[in-house]
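Inspection log for the structure reproduced underneath, given as structure tokens.
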Amino acid sequence: MLHIVHHSDYVAPRPKNGSFVFDKYQLVMDAIREHAPEHVVHEPGPMPRHWIEAVHDPAYVEQVLTASVPRETERRIGFPVSAEIASRVQYTSGGTWLAAKLALDHGYAANSAGGSHHALADTGAGYCVFNDLAITANRLLAEGDARKILIVDLDVHQGDGTAVLLAGRTDVFTLSIHSERNFPTRKACSSRDIALPDAVEDDHYLAILDRALTESLADFQPDMLLYQAGVDPHVDDRLGRLALSDAGLERRERMVIRRARDRFIPVASALGGGYGHDHHAVALRHARSMIAMADEAACQRS
């Protein structure tokens, strides 16, 4: 059974400026309905403002929520921040938190959006407005739902915003495995960074991931794993520089779940990046990613 968090506001109108397309999020749900008949959709509420402001500068939060973000900041984000976008990012942040709460009960749950790992305290960047991963981690820890959280970021782009927002905390460990020559140009310092050369393929990638996951879990001993499950390491991704196949992505997802569940650690995933001219193909990659994780979690529980 796939427990997936989704809200109609995830699909915002396409901005007049910028290249980001939001219809992917509806296409993901269409693919889930077609390929995962056993799924349950959970609708999130908006993340309360005070939890957003616990991570982001209140002045920036005010700009977003009133759709008054300066143009320079909008250029860093990659699209204008409208009232619809302001609503969307509250729900996507609430969605990642809800997925984590569901994972505590079911072992694994997915947010059908989120993974906005480039957003910093006082600005968005790289199609990211609020950092739902950092917000969720902070809230889970503050409310006592977790003691130590491992954030595994396997998007092709480094999780720079997450690394900066959570730097110095002893109760969060950030692991980012990404393309060395991809965005952002200036990398941040995660708890552990592994920068990969261009065109790394399945077996090499998975060997690196297996070692990094095994060591991070053993050394840090978390009791919750938040997973940025970007599918942009795929060989056909428009913005990626790696070369994972469909089978490689599925093996990646199963490995993350298996290594966590071996230690009885719940996993919540956020969608992350995935780009291409064929939006249906990208959406199907995301759907298959979540289906594989739910299937592996079920195998681990049985």
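Every chain in the structure tokens has a letter given in the order shown (A, B, ...), and although residue numbers restart at 1 in each chain, ligands are simply numbered from 1 in the order shown.
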In region 89-244 of chain A, DSSP strand (DSSP E) residues written as a PyMOL selection string: chain A and resi 108-111+149-153+172-179+192-196+224-228
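Near region 40-49 of chain A, within 6 Å and counting only C-alpha atoms, sit His3, Ile4, Val5, His6, His7, Gln90, Tyr91, Ser93, Gly94 and Gly95 of chain A; same-chain residues fewer than 5 positions away were not included.
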Distance table requested - region 79-157 of chain A against region 226-250 of chain A, cut-off 7 Å, only C-alpha atoms: one row per qualifying residue with the closest atom pair and its distance in Å to one decimal, ordered by chain and rising residue number, as a Markdown table.
```
| residue | atom | partner | partner_atom | distance |
| --- | --- | --- | --- | --- |
| A:Gly115 | CA | A:Gln228 | CA | 5.4 |
| A:Leu150 | CA | A:Leu226 | CA | 6.3 |
| A:Ile151 | CA | A:Leu226 | CA | 4.8 |
| A:Val152 | CA | A:Tyr227 | CA | 4.9 |
| A:Asp153 | CA | A:Gln228 | CA | 4.6 |
| A:Leu154 | CA | A:Ala229 | CA | 5.9 |
| A:Asp155 | CA | A:Gly230 | CA | 4.2 |
| A:Val156 | CA | A:Pro233 | CA | 5.0 |
```
Can I get the selected residues back with N, CA and C atoms, as a PDB file, in the first residue's frame?
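Below you can see again.pdb, which holds the result:
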```
ATOM      1  N   GLY A 115      10.736  18.593  -1.729  1.00  0.00           N
ATOM      2  CA  GLY A 115      12.143  18.391  -2.038  1.00  0.00           C
ATOM      3  C   GLY A 115      12.820  19.671  -2.471  1.00  0.00           C
ATOM      4  N   LEU A 150      18.250  11.775   9.579  1.00  0.00           N
ATOM      5  CA  LEU A 150      19.167  11.719   8.439  1.00  0.00           C
ATOM      6  C   LEU A 150      18.409  12.186   7.203  1.00  0.00           C
ATOM      7  N   ILE A 151      18.933  13.200   6.536  1.00  0.00           N
ATOM      8  CA  ILE A 151      18.362  13.661   5.275  1.00  0.00           C
ATOM      9  C   ILE A 151      19.255  13.168   4.146  1.00  0.00           C
ATOM     10  N   VAL A 152      18.706  12.297   3.319  1.00  0.00           N
ATOM     11  CA  VAL A 152      19.438  11.742   2.188  1.00  0.00           C
ATOM     12  C   VAL A 152      18.950  12.448   0.931  1.00  0.00           C
ATOM     13  N   ASP A 153      19.841  13.139   0.262  1.00  0.00           N
ATOM     14  CA  ASP A 153      19.495  13.924  -0.925  1.00  0.00           C
ATOM     15  C   ASP A 153      20.203  13.315  -2.123  1.00  0.00           C
ATOM     16  N   LEU A 154      19.410  12.659  -2.999  1.00  0.00           N
ATOM     17  CA  LEU A 154      19.981  12.010  -4.178  1.00  0.00           C
ATOM     18  C   LEU A 154      19.551  12.692  -5.470  1.00  0.00           C
ATOM     19  N   ASP A 155      19.057  13.912  -5.372  1.00  0.00           N
ATOM     20  CA  ASP A 155      18.851  14.747  -6.547  1.00  0.00           C
ATOM     21  C   ASP A 155      20.186  14.937  -7.254  1.00  0.00           C
ATOM     22  N   VAL A 156      20.149  15.176  -8.552  1.00  0.00           N
ATOM     23  CA  VAL A 156      21.404  15.376  -9.288  1.00  0.00           C
ATOM     24  C   VAL A 156      22.097  16.676  -8.878  1.00  0.00           C
TER      25      VAL A 156
END
```
Met1 (chain A) surroundings by only C-alpha atoms, 7 Å radius, close-in-sequence under 6 positions cut, as an MDAnalysis selection string: chainID A and resid 38:39 294
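Between Ser269 (chain A) and the residues A:Ala113, A:Met29, A:Ala281, A:Val172, the shortest atom-to-atom distance, using only C-alpha atoms, involves A:Ala113.
Remark: for Ile85 (chain A), the closest of the candidate residues A:Tyr205, A:Tyr60, A:Tyr10, A:Trp97 is A:Tyr10 (distances computed over only C-alpha atoms).
Taking CA of Ala199 (chain A) as the reference point, CA of Glu296 (chain A) is found at 27.1 Å.
Taking CA of Asp122 (chain A) as the reference point, CA of Ile194 (chain A) is found at 26.3 Å.
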Near-Val282 (chain A) list (9 Å; only C-alpha atoms; drop same-chain fewer than 2 positions) as a PyMOL selection string: chain A and resi 24+27-28+231-232+237+274-280+284-287
